[in-house]
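Next comes model22.txt, with compact mmCIF, C-alpha atoms.
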# COMPACT_ATOMS: atom_id res chain seq x y z
CA MET A 1 -62.34 34.64 7.95
CA ARG A 2 -60.07 32.12 6.24
CA ARG A 3 -60.60 31.69 2.52
CA LYS A 4 -61.42 28.27 1.19
CA ILE A 5 -59.40 26.74 -1.65
CA GLY A 6 -60.17 23.66 -3.72
CA ILE A 7 -57.18 21.97 -5.35
CA VAL A 8 -58.06 19.93 -8.43
CA VAL A 9 -55.53 17.46 -9.82
CA GLN A 10 -55.57 14.24 -11.86
CA ARG A 11 -54.00 11.97 -9.20
CA TYR A 12 -53.26 12.44 -5.52
CA GLY A 13 -51.66 10.15 -2.96
CA LEU A 14 -48.68 9.47 -0.74
CA GLU A 15 -47.50 6.85 -3.23
CA ILE A 16 -47.04 9.51 -5.93
CA ASN A 17 -43.68 11.17 -5.31
CA GLY A 18 -43.06 13.12 -8.51
CA GLY A 19 -44.58 15.27 -11.21
CA ALA A 20 -47.51 17.67 -11.04
CA GLU A 21 -49.37 15.40 -8.62
CA TYR A 22 -46.61 15.53 -5.99
CA HIS A 23 -46.31 19.25 -6.69
CA ALA A 24 -50.04 19.67 -5.96
CA ARG A 25 -49.79 17.72 -2.69
CA LEU A 26 -46.87 19.79 -1.45
CA ILE A 27 -48.71 23.02 -2.23
CA ALA A 28 -51.87 21.76 -0.51
CA GLU A 29 -49.94 20.74 2.61
CA HIS A 30 -48.24 24.13 2.86
CA ILE A 31 -50.97 26.62 2.03
CA VAL A 32 -53.27 24.84 4.49
CA HIS A 33 -51.56 26.94 7.18
CA ASP A 34 -53.26 30.04 5.77
CA PHE A 35 -56.34 28.68 3.94
CA ASP A 36 -58.97 25.99 4.32
CA VAL A 37 -58.00 23.42 1.69
CA GLU A 38 -59.79 20.46 0.12
CA VAL A 39 -58.56 18.32 -2.77
CA PHE A 40 -60.62 16.96 -5.67
CA THR A 41 -59.07 14.15 -7.68
CA THR A 42 -59.63 10.72 -9.23
CA THR A 43 -59.36 7.16 -7.97
CA ALA A 44 -56.52 6.51 -10.46
CA LEU A 45 -52.93 5.71 -9.55
CA ASP A 46 -51.69 4.68 -13.01
CA TYR A 47 -51.21 7.75 -15.24
CA VAL A 48 -51.18 5.68 -18.45
CA THR A 49 -54.63 4.07 -18.21
CA TRP A 50 -56.29 5.94 -15.27
CA ALA A 51 -57.35 2.52 -13.97
CA HIS A 52 -59.42 2.51 -10.77
CA HIS A 53 -57.18 2.06 -7.72
CA TYR A 54 -58.22 4.12 -4.69
CA SER A 55 -61.68 3.92 -3.10
CA GLU A 56 -64.26 6.44 -4.22
CA GLY A 57 -65.37 9.01 -1.69
CA SER A 58 -63.56 11.16 0.85
CA ASP A 59 -60.40 10.50 2.79
CA ASP A 60 -58.00 12.40 5.04
CA ILE A 61 -54.38 12.62 3.88
CA ASN A 62 -52.00 14.50 6.16
CA GLY A 63 -54.88 16.52 7.60
CA ILE A 64 -56.46 17.49 4.25
CA SER A 65 -59.84 16.26 2.98
CA VAL A 66 -59.37 14.46 -0.33
CA HIS A 67 -62.40 13.65 -2.49
CA ARG A 68 -61.96 10.97 -5.15
CA PHE A 69 -64.07 10.34 -8.24
CA LYS A 70 -63.93 7.28 -10.46
CA VAL A 71 -62.76 7.88 -14.03
CA GLU A 72 -65.65 7.32 -16.44
CA LYS A 73 -63.53 5.34 -18.89
CA ASN A 74 -59.97 4.08 -18.83
CA ARG A 75 -57.56 5.37 -21.41
CA ASP A 76 -56.84 2.93 -24.22
CA PRO A 77 -53.14 3.60 -25.02
CA LYS A 78 -53.54 2.30 -28.58
CA VAL A 79 -56.56 4.49 -29.39
CA PHE A 80 -55.00 7.48 -27.66
CA GLY A 81 -51.71 6.97 -29.50
CA GLU A 82 -53.50 6.90 -32.84
CA ILE A 83 -55.46 10.12 -32.29
CA GLN A 84 -52.36 11.83 -30.87
CA GLU A 85 -50.29 10.81 -33.90
CA TYR A 86 -53.03 12.19 -36.15
CA ILE A 87 -53.44 15.60 -34.50
CA PHE A 88 -49.69 16.14 -34.18
CA ASN A 89 -48.90 15.26 -37.79
CA ASP A 90 -51.97 15.91 -39.98
CA GLU A 91 -54.45 18.64 -40.75
CA HIS A 92 -57.29 18.28 -38.29
CA SER A 93 -60.27 20.08 -36.76
CA LEU A 94 -60.98 21.43 -33.29
CA ASP A 95 -63.37 18.51 -32.86
CA ASP A 96 -60.42 16.17 -33.41
CA GLU A 97 -58.55 17.91 -30.62
CA LEU A 98 -61.56 17.59 -28.33
CA ARG A 99 -61.64 13.88 -29.09
CA TRP A 100 -57.92 13.76 -28.20
CA LEU A 101 -58.73 15.45 -24.87
CA ASP A 102 -61.49 12.94 -24.18
CA GLU A 103 -59.18 10.01 -24.98
CA GLU A 104 -56.38 11.45 -22.87
CA GLY A 105 -58.67 11.80 -19.85
CA PRO A 106 -59.02 11.32 -17.02
CA THR A 107 -62.72 11.76 -17.87
CA VAL A 108 -64.40 12.72 -14.59
CA PRO A 109 -67.63 14.66 -15.22
CA ASN A 110 -68.80 13.80 -11.69
CA LEU A 111 -65.83 15.70 -10.28
CA ILE A 112 -66.76 18.82 -12.25
CA ASP A 113 -70.40 18.41 -11.18
CA GLU A 114 -69.32 18.25 -7.53
CA LEU A 115 -67.29 21.45 -7.88
CA GLU A 116 -70.36 23.14 -9.33
CA ARG A 117 -72.61 21.80 -6.58
CA ARG A 118 -70.29 23.15 -3.88
CA ASP A 119 -69.27 26.26 -5.78
CA ASP A 120 -70.58 28.70 -3.16
CA GLU A 121 -68.31 27.17 -0.49
CA PHE A 122 -65.03 27.94 -2.26
CA ASP A 123 -63.30 31.24 -2.91
CA TYR A 124 -60.95 29.78 -5.54
CA TYR A 125 -60.14 26.54 -7.30
CA ILE A 126 -56.52 25.78 -8.19
CA PHE A 127 -56.28 23.48 -11.22
CA PHE A 128 -53.06 21.57 -11.82
CA SER A 129 -51.91 20.54 -15.32
CA TYR A 130 -53.59 22.37 -18.19
CA ARG A 131 -53.70 19.45 -20.61
CA TYR A 132 -56.20 17.21 -18.83
CA TYR A 133 -59.98 16.90 -18.78
CA HIS A 134 -60.49 18.37 -15.29
CA SER A 135 -58.52 21.55 -16.05
CA TYR A 136 -60.04 22.15 -19.47
CA HIS A 137 -63.65 21.78 -18.34
CA GLY A 138 -62.99 23.32 -14.93
CA LEU A 139 -61.48 26.50 -16.38
CA LYS A 140 -64.35 26.77 -18.85
CA LYS A 141 -66.89 26.60 -16.02
CA PHE A 142 -65.19 28.49 -13.18
CA GLN A 143 -63.17 31.16 -14.95
CA LYS A 144 -63.41 33.96 -12.38
CA LYS A 145 -62.35 31.80 -9.47
CA ALA A 146 -60.00 29.46 -11.36
CA ILE A 147 -56.24 29.60 -10.82
CA LEU A 148 -54.18 27.48 -13.22
CA VAL A 149 -50.86 25.82 -12.48
CA PRO A 150 -50.18 24.72 -16.09
CA THR A 151 -47.07 22.54 -15.61
CA ALA A 152 -46.59 23.01 -19.36
CA GLU A 153 -43.70 21.45 -21.22
CA HIS A 154 -42.31 22.56 -24.56
CA ASP A 155 -43.97 19.77 -26.53
CA ASP A 156 -46.57 19.51 -29.29
CA VAL A 157 -49.52 19.67 -26.91
CA VAL A 158 -49.00 23.29 -25.89
CA TYR A 159 -49.44 24.36 -29.53
CA LEU A 160 -52.90 22.80 -29.98
CA ARG A 161 -55.69 25.25 -30.83
CA LEU A 162 -57.66 23.72 -27.99
CA PHE A 163 -55.52 25.46 -25.40
CA LYS A 164 -54.75 28.85 -26.95
CA ASP A 165 -58.04 30.30 -25.71
CA LEU A 166 -57.89 28.29 -22.49
CA PHE A 167 -54.84 30.21 -21.27
CA HIS A 168 -56.93 33.41 -21.39
CA LEU A 169 -59.61 32.08 -19.02
CA PRO A 170 -58.16 31.75 -15.51
CA ALA A 171 -58.22 34.52 -12.96
CA ALA A 172 -54.48 33.95 -12.52
CA ILE A 173 -51.72 31.60 -13.67
CA VAL A 174 -49.01 30.18 -11.43
CA TYR A 175 -46.00 29.41 -13.63
CA ASN A 176 -43.20 27.01 -12.78
CA SER A 177 -40.43 28.84 -14.61
CA LEU A 178 -39.63 31.84 -16.77
CA GLU A 179 -39.38 29.54 -19.80
CA GLU A 180 -42.82 28.05 -19.19
CA LYS A 181 -44.33 31.54 -18.94
CA GLU A 182 -42.62 32.63 -22.16
CA ILE A 183 -43.91 29.58 -24.05
CA ILE A 184 -47.50 30.07 -22.89
CA ASN A 185 -47.42 33.82 -23.54
CA ARG A 186 -46.02 33.21 -27.01
CA VAL A 187 -48.55 30.59 -28.11
CA SER A 188 -51.62 32.23 -26.55
CA GLN A 189 -50.80 35.96 -26.27
CA ASN A 190 -52.37 35.90 -22.78
CA PHE A 191 -50.22 38.72 -21.42
CA HIS A 192 -53.20 40.30 -19.63
CA VAL A 193 -53.75 37.31 -17.30
CA PRO A 194 -52.20 38.07 -13.90
CA GLY A 195 -49.88 35.63 -12.18
CA ASP A 196 -46.34 34.98 -11.07
CA ILE A 197 -43.42 32.59 -11.53
CA VAL A 198 -43.59 30.47 -8.40
CA GLY A 199 -42.63 26.81 -8.77
CA VAL A 200 -42.66 24.61 -5.69
CA GLY A 201 -40.50 23.95 -2.66
CA SER A 202 -39.15 20.60 -1.54
CA GLU A 203 -39.23 18.56 1.63
CA ILE A 204 -35.54 18.25 2.56
CA PRO A 205 -34.62 15.96 5.49
CA GLY A 206 -32.68 17.55 8.28
CA ASP A 207 -30.17 14.71 8.69
CA LEU A 208 -28.54 13.00 5.73
CA ASP A 209 -26.53 9.78 5.97
CA PRO A 210 -24.77 8.88 2.69
CA ASP A 211 -22.83 6.06 4.36
CA SER A 212 -26.04 4.21 5.25
CA PHE A 213 -27.07 4.39 1.60
CA ARG A 214 -23.74 2.96 0.47
CA ARG A 215 -23.98 0.11 2.98
CA ALA A 216 -27.60 -0.69 2.15
CA TYR A 217 -27.02 -0.93 -1.61
CA GLY A 218 -23.39 -1.96 -1.81
CA ILE A 219 -22.25 1.22 -3.55
CA GLU A 220 -18.48 1.60 -3.59
CA GLY A 221 -16.40 4.45 -4.97
CA GLU A 222 -17.63 7.62 -6.61
CA TYR A 223 -21.01 7.79 -8.33
CA PHE A 224 -23.53 10.17 -9.85
CA VAL A 225 -27.31 9.71 -9.84
CA TYR A 226 -30.42 9.81 -11.97
CA ILE A 227 -33.69 10.04 -10.03
CA GLY A 228 -37.12 9.63 -11.60
CA ARG A 229 -39.08 7.50 -14.04
CA LEU A 230 -36.85 5.58 -16.42
CA ASP A 231 -38.56 6.00 -19.78
CA GLU A 232 -38.13 7.51 -23.23
CA ASN A 233 -39.75 10.87 -22.44
CA LYS A 234 -37.31 11.36 -19.56
CA GLY A 235 -34.36 10.89 -21.92
CA VAL A 236 -32.99 7.88 -20.04
CA PRO A 237 -32.23 5.67 -23.08
CA GLU A 238 -30.04 8.45 -24.51
CA LEU A 239 -28.34 8.89 -21.13
CA LEU A 240 -27.55 5.17 -21.03
CA ARG A 241 -26.18 5.21 -24.58
CA HIS A 242 -24.01 8.21 -23.77
CA TYR A 243 -22.62 6.67 -20.60
CA CYS A 244 -21.96 3.27 -22.12
CA ARG A 245 -20.00 5.01 -24.87
CA LEU A 246 -18.12 7.11 -22.32
CA LEU A 247 -17.16 3.97 -20.40
CA GLU A 248 -15.82 2.42 -23.62
CA GLU A 249 -13.80 5.48 -24.62
CA THR A 250 -12.35 6.54 -21.27
CA ASP A 251 -11.19 5.11 -17.97
CA ILE A 252 -13.66 7.23 -15.96
CA ASN A 253 -14.04 5.66 -12.53
CA CYS A 254 -17.57 6.65 -11.59
CA THR A 255 -20.79 4.64 -11.34
CA LEU A 256 -24.14 5.78 -12.71
CA VAL A 257 -26.79 4.99 -10.08
CA LEU A 258 -30.40 4.92 -11.34
CA MET A 259 -33.31 5.39 -8.93
CA GLY A 260 -36.94 5.07 -9.99
CA LYS A 261 -39.49 2.84 -11.66
CA SER A 262 -38.27 1.61 -15.05
CA VAL A 263 -40.19 0.76 -18.21
CA ILE A 264 -37.02 0.31 -20.32
CA ASP A 265 -34.18 -2.20 -20.44
CA ILE A 266 -31.10 -1.36 -18.38
CA PRO A 267 -27.74 -2.48 -19.81
CA GLU A 268 -25.69 -4.81 -17.63
CA HIS A 269 -22.45 -3.10 -16.67
CA PRO A 270 -20.56 -2.91 -13.37
CA LYS A 271 -20.56 0.89 -13.62
CA ILE A 272 -24.34 1.13 -14.08
CA ARG A 273 -26.49 0.28 -11.04
CA TYR A 274 -30.28 0.21 -11.20
CA LEU A 275 -31.79 0.34 -7.71
CA GLY A 276 -35.48 0.69 -8.53
CA PHE A 277 -37.97 2.87 -6.68
CA MET A 278 -36.52 4.61 -3.60
CA ASN A 279 -38.22 5.90 -0.49
CA ASP A 280 -37.41 9.52 0.36
CA GLU A 281 -34.85 8.64 3.04
CA ASP A 282 -32.79 6.47 0.69
CA LYS A 283 -33.25 8.90 -2.20
CA PHE A 284 -31.88 11.86 -0.29
CA ASN A 285 -29.08 9.87 1.33
CA GLY A 286 -28.07 8.61 -2.12
CA LEU A 287 -28.22 12.10 -3.58
CA ALA A 288 -26.15 13.48 -0.69
CA GLY A 289 -23.37 10.95 -1.35
CA SER A 290 -23.26 11.53 -5.09
CA GLN A 291 -20.95 13.76 -7.07
CA PHE A 292 -23.78 15.26 -9.09
CA LEU A 293 -27.30 14.70 -10.39
CA VAL A 294 -27.96 14.10 -14.08
CA ILE A 295 -31.29 15.11 -15.67
CA PRO A 296 -31.56 13.95 -19.30
CA SER A 297 -35.28 14.79 -19.57
CA GLN A 298 -36.59 16.11 -22.86
CA PHE A 299 -39.71 17.73 -21.38
CA GLU A 300 -39.90 19.71 -18.14
CA SER A 301 -41.87 22.65 -16.76
CA LEU A 302 -39.85 22.52 -13.54
CA SER A 303 -37.47 19.87 -12.32
CA MET A 304 -38.22 19.25 -8.65
CA VAL A 305 -35.31 16.84 -8.34
CA ALA A 306 -32.95 19.58 -9.56
CA LEU A 307 -34.23 21.81 -6.77
CA GLU A 308 -33.70 18.99 -4.27
CA ALA A 309 -30.11 18.54 -5.46
CA TRP A 310 -29.40 22.26 -5.16
CA ALA A 311 -31.06 22.40 -1.75
CA ILE A 312 -28.42 19.99 -0.39
CA GLY A 313 -25.55 21.54 -2.33
CA LYS A 314 -25.16 19.18 -5.30
CA PRO A 315 -24.47 20.30 -8.89
CA VAL A 316 -26.75 19.33 -11.77
CA VAL A 317 -25.94 18.10 -15.27
CA ALA A 318 -28.94 18.69 -17.54
CA ASN A 319 -30.18 18.12 -21.05
CA GLY A 320 -29.54 21.53 -22.63
CA ARG A 321 -32.16 20.91 -25.31
CA THR A 322 -34.75 21.36 -22.58
CA GLU A 323 -35.15 25.13 -22.26
CA VAL A 324 -36.35 25.06 -18.66
CA LEU A 325 -33.40 22.99 -17.45
CA GLN A 326 -30.87 25.11 -19.29
CA GLY A 327 -32.50 28.27 -17.96
CA GLN A 328 -32.41 27.02 -14.39
CA CYS A 329 -28.76 26.05 -14.71
CA ARG A 330 -27.92 29.48 -16.12
CA ARG A 331 -29.81 31.45 -13.48
CA SER A 332 -28.49 29.38 -10.58
CA ASN A 333 -24.92 29.09 -11.89
CA ALA A 334 -25.17 25.67 -10.29
CA GLY A 335 -25.35 23.32 -13.25
CA LEU A 336 -23.89 22.43 -16.62
CA TRP A 337 -25.80 21.25 -19.69
CA TYR A 338 -25.15 19.21 -22.79
CA SER A 339 -26.82 18.90 -26.18
CA CYS A 340 -24.76 16.03 -27.66
CA TYR A 341 -22.53 13.16 -26.61
CA GLU A 342 -19.27 15.11 -26.87
CA GLU A 343 -20.56 17.79 -24.48
CA PHE A 344 -21.88 15.12 -22.10
CA LYS A 345 -18.46 13.46 -22.14
CA GLU A 346 -16.51 16.63 -21.37
CA ILE A 347 -18.89 17.67 -18.58
CA CYS A 348 -18.71 14.28 -16.87
CA LEU A 349 -14.92 14.18 -17.05
CA LEU A 350 -14.70 17.77 -15.82
CA LEU A 351 -16.96 17.26 -12.80
CA VAL A 352 -15.54 13.88 -11.82
CA GLY A 353 -12.06 15.37 -11.97
CA SER A 354 -12.69 18.59 -10.03
CA GLU A 355 -13.92 18.54 -6.45
CA ARG A 356 -13.50 22.32 -6.30
CA LEU A 357 -15.85 22.85 -9.24
CA ARG A 358 -18.43 20.53 -7.73
CA GLU A 359 -18.29 22.39 -4.43
CA THR A 360 -18.58 25.81 -6.11
CA LEU A 361 -21.61 24.77 -8.15
CA GLY A 362 -23.15 23.17 -5.08
CA VAL A 363 -22.81 26.34 -3.00
CA ASN A 364 -24.37 28.38 -5.81
CA GLY A 365 -27.24 25.90 -6.02
CA LYS A 366 -27.99 26.05 -2.32
CA GLU A 367 -28.12 29.85 -2.40
CA PHE A 368 -30.37 29.75 -5.48
CA PHE A 369 -32.76 27.34 -3.79
CA GLU A 370 -33.02 29.39 -0.60
CA ARG A 371 -33.55 32.61 -2.54
CA ASN A 372 -36.27 31.27 -4.84
CA TYR A 373 -37.71 27.97 -3.62
CA SER A 374 -37.76 27.93 0.17
CA TRP A 375 -41.26 27.31 1.46
CA LYS A 376 -41.40 30.80 2.96
CA VAL A 377 -40.92 32.23 -0.54
CA ILE A 378 -43.38 29.82 -2.22
CA GLU A 379 -46.13 30.30 0.37
CA GLY A 380 -45.68 34.07 0.19
CA LYS A 381 -46.14 34.08 -3.58
CA TYR A 382 -49.35 32.03 -3.40
CA ALA A 383 -50.68 34.32 -0.68
CA GLY A 384 -49.78 37.36 -2.81
CA ILE A 385 -51.53 36.01 -5.92
CA LEU A 386 -54.71 35.27 -3.96
CA ALA A 387 -54.62 38.62 -2.18
CA ASN A 388 -54.38 40.47 -5.51
CA LEU A 389 -57.48 38.65 -6.77
CA ASP A 390 -59.67 39.64 -3.81
Starting from the coordinates I provided, produce the structure as structure tokens.
Amino acid sequence: MRRKIGIVVQRYGLEINGGAEYHARLIAEHIVHDFDVEVFTTTALDYVTWAHHYSEGSDDINGISVHRFKVEKNRDPKVFGEIQEYIFNDEHSLDDELRWLDEEGPTVPNLIDELERRDDEFDYYIFFSYRYYHSYHGLKKFQKKAILVPTAEHDDVVYLRLFKDLFHLPAAIVYNSLEEKEIINRVSQNFHVPGDIVGVGSEIPGDLDPDSFRRAYGIEGEYFVYIGRLDENKGVPELLRHYCRLLEETDINCTLVLMGKSVIDIPEHPKIRYLGFMNDEDKFNGLAGSQFLVIPSQFESLSMVALEAWAIGKPVVANGRTEVLQGQCRRSNAGLWYSCYEEFKEICLLLVGSERLRETLGVNGKEFFERNYSWKVIEGKYAGILANLD
């Protein structure tokens, strides 16, 4: 008899193509081959306010039943920012941290109630993202059948007292990277909790057409790409400052192409092209035609776009201050990392000037992806974790 799995995540939808929410959808759509899967989530699309967007109730997305619950209250960014500033910088109580959790949201008590009502139907619940309401209260209530995919970043949140005990509760933890596991083990001492370093695979198109991307967007000459949200937490303003300075100091002939939704100002320069949000076809075609991918993010538990670049044989240039990114570059031998402008400058000049180096790193990346992040490997690890819990 097939076991039944409930996946619980803060947002879920075809429009969400990054982060823990996309991660959760990919896992759901792949483990459904071996398990009966249903998803429990919110009606929110916006991760800043949790504003109501999707219809409440049940829907079918790519063959999986998705149950949506309306968030009880929208997040007020001003109020949330004030309580977050307080708990990160001042002496505070556990009650203050619980208030922070409530303000962060998404507050969905009805979702937790529904899990409890249908508890006997499910063998396990997989909760994505430790820092949100649904995971905190879900792990508290369903410890013995709760599996946590923390998607933890090395930021101030992971050190809150609120979560030190929480990491002891799940039946198992599915980590994204060795660095994420080390951080959580260090702050919580939860060494006894079983689990594995798994991560997630990627959906890689079979046919790539870089020339169609160039024609569609008028891209001429050599270029490298950034893919993802353009905001402060992703390190994009620093990337733009570094590249503008590099363009002033050198005669580097390479365009920075930016793909993704932006909440920051983009400098006007002929060697910086902002293309906005990309569908998957254009994203992969653009990545395939690039010289390398740059990831300036300050906070990551796993960079899915790095895995996508390696899957198609492209090198990665990463923010070395982010332990996960540096660790992935080291283990794959498929990326270089920087911690200051001078290192960024030398890496860019080196990669732009050496096709052989780019090809070598790309080959290493493809082998690393196939060895660790092919769907056969990912699905096998999930099946192994669940089998060990039975």
Would you write out, as CSV, a table of all residues in region 156-192 of chain A that have an atom no more than 12 Å from an atom of region 98-108 of chain A, listing for each the closest atom pair and the distance in Å to one decimal, considering all atoms listed in the file and ordering rows by chain and rising residue number?
residue,atom,partner,partner_atom,distance
A:Val157,CA,A:Leu101,CA,10.3
A:Leu160,CA,A:Leu98,CA,10.2
A:Arg161,CA,A:Leu98,CA,10.0
A:Leu162,CA,A:Leu98,CA,7.3
A:Phe163,CA,A:Leu98,CA,10.3
- Task: Do a neighbour search on Ser212 (chain A) at 9 Å with all atoms listed in the file, toss out local chain neighbours closer than 4 positions, and write the hits as a count of residues only.
- Result: 5
- For Arg273 (chain A), work out the shell of residues within 8 Å, counting all atoms listed in the file and skipping chain neighbours fewer than 3 positions away, then give it as number ranges by chain. A: 255-258, 269-270
- Item | Distance criterion (all atoms listed in the file): nearest to Glu203 (chain A) out of A:Asp251, A:Glu268, A:Glu220, A:Asp280 |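 Among A:Asp251, A:Glu268, A:Glu220, A:Asp280, it is A:Asp280 that comes nearest to Glu203 (chain A).
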- Item | Gap from CA of Leu293 (chain A) to CA of Val316 (chain A) - Å, one decimal |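 Between these atoms lies a distance of 4.9 Å.
Considering only C-alpha atoms, the residue among A:Glu346, A:Glu308, A:Asp207, A:Asp390 positioned nearest to Glu370 (chain A) is A:Glu308.
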- Item | For CA of Leu287 (chain A) and CA of Ser301 (chain A), the interatomic separation in Å (one decimal) |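 CA of Ser301 (chain A) lies 21.7 Å from CA of Leu287 (chain A).
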